[in-house]
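Engineer: Mind looking over this structure? Questions follow.
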Amino acid sequence: MDDNTIKESAATAPARHQDEEECHRPDDIEEEFFENDKRYINNNIHSPASPTIIKSIFNGGRFFDAFMMESAQLVGQSLLSLPWIFSLMGYTSSIFFILFFSILSIWTNHLVITMLNQYRYEIKIANDIRSQDIHYVASYHDVISHFCGRKWGIFTLVVVAIALIGLCIAQIIATASNIFLLQDEEDYALSKRSLTLIVGAVFLLVAMVPSAREYRPFSALALVATFYTAIYMTVASVIDGPIDNVQYDHLDGFINYFLGLVAIIFNYGGMSATVEKADVMDENVTQTYDRAYVFAVLYSYGVTIPIGVSAYWSFGSLCQSAPNAFYLFKPSTARTVGVILMSLHECVAFGLFANPLFHIIEKAMKIHGATFVPRRLGVRLLLCLFFVFLSVLGELCLCRPACNSLKHILLT
């Protein structure tokens, strides 16, 4: 063809394309959109037709779902530990480092999400087999391997796996510690070790949730739990006022100050579980997932800082012996409700931390595209049983005096 023919074809191409689009019926356009939506297919390919109301309850991939998940993960780690942190570091240092490390976490989360979006874009234009796999969910080490090389990817995998396992264990032990409060103080029928086993058995249920996309009702429950507990603890602290002979003495020594500092870093260090949650959201939400994290951090300020300030004002140095804030308040119906809700919240947090490990194991065993039952579910249950075993072992270690400092961190 000569140059004039080529130019004429290029000029008429958009018009022809528009005419072809006008020939499509609206139903055809909607069907084509869903057929090409990886995340829609991924969540429905193995599922029978179900009522729309059921899908709307569990199939969450919207921006608000991202906000609820990040809030559920973020606030659960810090809500019960703030009075203890304030008693170790004081008002000024605690608030300053909360703001400082939370801002760093926002920037880190932004970098992680940016790399994830770039990774998805590059493997797509390269026709990588992973971009064509509707069951594939990207992991942190996949992204790092792509940009930094295989060695750094393996290093990231090891670090992330250790961090997530530790977080899962912490949720089980913390929940057992919460439920321990529900027993009669004069007759503890169950030890924390027994409660750890019971809690671990209940937590096995999270293995049945396919991905973070289906956490919509559970994340909503977690937000109800944290909001109620924040209101209860703040109001109870203000109404009761300072206890008799309250003191505000800080423990001397760098180690105690460092423990509080580490606890704050721990509260805002959940980036290891970000990639898998972001990757299963709707595509436009994945691209703006870092913004959802910003709103989650702002929410954490509203529910955690008032507890830390009011509880420390009311109980003073007594907070130093209570890394779990529930131990500061007298038994009551309101406290019981808070304990139950926060225990349910910890179960949700456990699932959010365990979910990335589920995807890592499934991809390593090349079963991430298999029918969910029985192969994938069986592997997940075995992994959860491993977490329970480590939790019981950890509870045995925490009974030793030499592990008291570690106990303070894990029980938050």
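In the structure tokens, chains take the letters A, B, ... in the order shown, each chain's residues start at 1, and ligands count up from 1 in the order shown.
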Pull the alpha helix (DSSP H) assignments for stretch 208-405 of chain A out of DSSP run on the backbone, and list those residues as a ChimeraX atom specification.
Structural biologist: /A:216-240,254-267,274-279,283-287,289-315,333-364,377-398,404-405
Engineer: With only C-alpha atoms as the basis for distance, which of A:Glu395, A:Asp133, A:Asp244, A:Glu346 is at the shortest distance from A:Lys363?
Structural biologist: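 When distances to A:Lys363 are compared using only C-alpha atoms, the smallest one comes from A:Asp133.
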Engineer: Which residues are close to A:Phe63, i.e. within 9 Å by only C-alpha atoms, leaving aside same-chain residues fewer than 2 positions away? Reply as a PDB file with N, CA and C atoms, in the first residue's frame.
Structural biologist:
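File produced: part.pdb:
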ATOM      1  N   GLY A  60     -16.268  -8.833  48.179  1.00  0.00           N
ATOM      2  CA  GLY A  60     -15.897  -7.436  48.354  1.00  0.00           C
ATOM      3  C   GLY A  60     -14.585  -7.112  47.688  1.00  0.00           C
ATOM      4  N   GLY A  61     -14.608  -6.186  46.763  1.00  0.00           N
ATOM      5  CA  GLY A  61     -13.368  -5.765  46.133  1.00  0.00           C
ATOM      6  C   GLY A  61     -13.318  -4.271  45.959  1.00  0.00           C
ATOM      7  N   ASP A  65     -13.924  -1.799  51.148  1.00  0.00           N
ATOM      8  CA  ASP A  65     -13.463  -3.100  51.637  1.00  0.00           C
ATOM      9  C   ASP A  65     -11.970  -3.049  51.967  1.00  0.00           C
ATOM     10  N   ALA A  66     -11.209  -2.368  51.109  1.00  0.00           N
ATOM     11  CA  ALA A  66      -9.774  -2.215  51.367  1.00  0.00           C
ATOM     12  C   ALA A  66      -9.546  -1.442  52.661  1.00  0.00           C
ATOM     13  N   PHE A  67     -10.314  -0.377  52.847  1.00  0.00           N
ATOM     14  CA  PHE A  67     -10.203   0.407  54.080  1.00  0.00           C
ATOM     15  C   PHE A  67     -10.534  -0.441  55.308  1.00  0.00           C
ATOM     16  N   MET A  68     -11.593  -1.240  55.240  1.00  0.00           N
ATOM     17  CA  MET A  68     -11.982  -2.057  56.392  1.00  0.00           C
ATOM     18  C   MET A  68     -10.925  -3.106  56.711  1.00  0.00           C
ATOM     19  N   MET A 281      -8.239  -7.256  44.897  1.00  0.00           N
ATOM     20  CA  MET A 281      -9.274  -6.240  44.795  1.00  0.00           C
ATOM     21  C   MET A 281      -9.602  -5.957  43.322  1.00  0.00           C
ATOM     22  N   ASP A 282     -10.669  -5.184  43.090  1.00  0.00           N
ATOM     23  CA  ASP A 282     -10.930  -4.707  41.737  1.00  0.00           C
ATOM     24  C   ASP A 282      -9.722  -3.929  41.245  1.00  0.00           C
ATOM     25  N   ASN A 284      -9.138  -1.135  39.693  1.00  0.00           N
ATOM     26  CA  ASN A 284      -9.001   0.283  40.025  1.00  0.00           C
ATOM     27  C   ASN A 284      -8.713   0.476  41.511  1.00  0.00           C
ATOM     28  N   VAL A 285      -9.162  -0.446  42.357  1.00  0.00           N
ATOM     29  CA  VAL A 285      -8.883  -0.380  43.789  1.00  0.00           C
ATOM     30  C   VAL A 285      -7.434  -0.785  44.062  1.00  0.00           C
ATOM     31  N   THR A 286      -6.945  -1.785  43.341  1.00  0.00           N
ATOM     32  CA  THR A 286      -5.543  -2.188  43.495  1.00  0.00           C
ATOM     33  C   THR A 286      -4.613  -1.009  43.215  1.00  0.00           C
ATOM     34  N   THR A 288      -5.166   2.097  43.669  1.00  0.00           N
ATOM     35  CA  THR A 288      -5.279   3.163  44.683  1.00  0.00           C
ATOM     36  C   THR A 288      -5.339   2.589  46.095  1.00  0.00           C
ATOM     37  N   TYR A 289      -4.819   1.384  46.269  1.00  0.00           N
ATOM     38  CA  TYR A 289      -4.914   0.717  47.559  1.00  0.00           C
ATOM     39  C   TYR A 289      -4.175   1.477  48.654  1.00  0.00           C
ATOM     40  N   ARG A 291      -4.143   4.563  49.168  1.00  0.00           N
ATOM     41  CA  ARG A 291      -5.010   5.599  49.732  1.00  0.00           C
ATOM     42  C   ARG A 291      -5.919   5.023  50.816  1.00  0.00           C
ATOM     43  N   ALA A 292      -6.371   3.794  50.617  1.00  0.00           N
ATOM     44  CA  ALA A 292      -7.195   3.142  51.638  1.00  0.00           C
ATOM     45  C   ALA A 292      -6.403   2.990  52.932  1.00  0.00           C
TER      46      ALA A 292
END
Engineer: Do a neighbour search on A:Leu385 at 10 Å with only C-alpha atoms, toss out local chain neighbours closer than 3 positions, and write the hits as a PyMOL selection string.
Structural biologist: chain A and resi 197+200-201+203-204+379-382+388-391
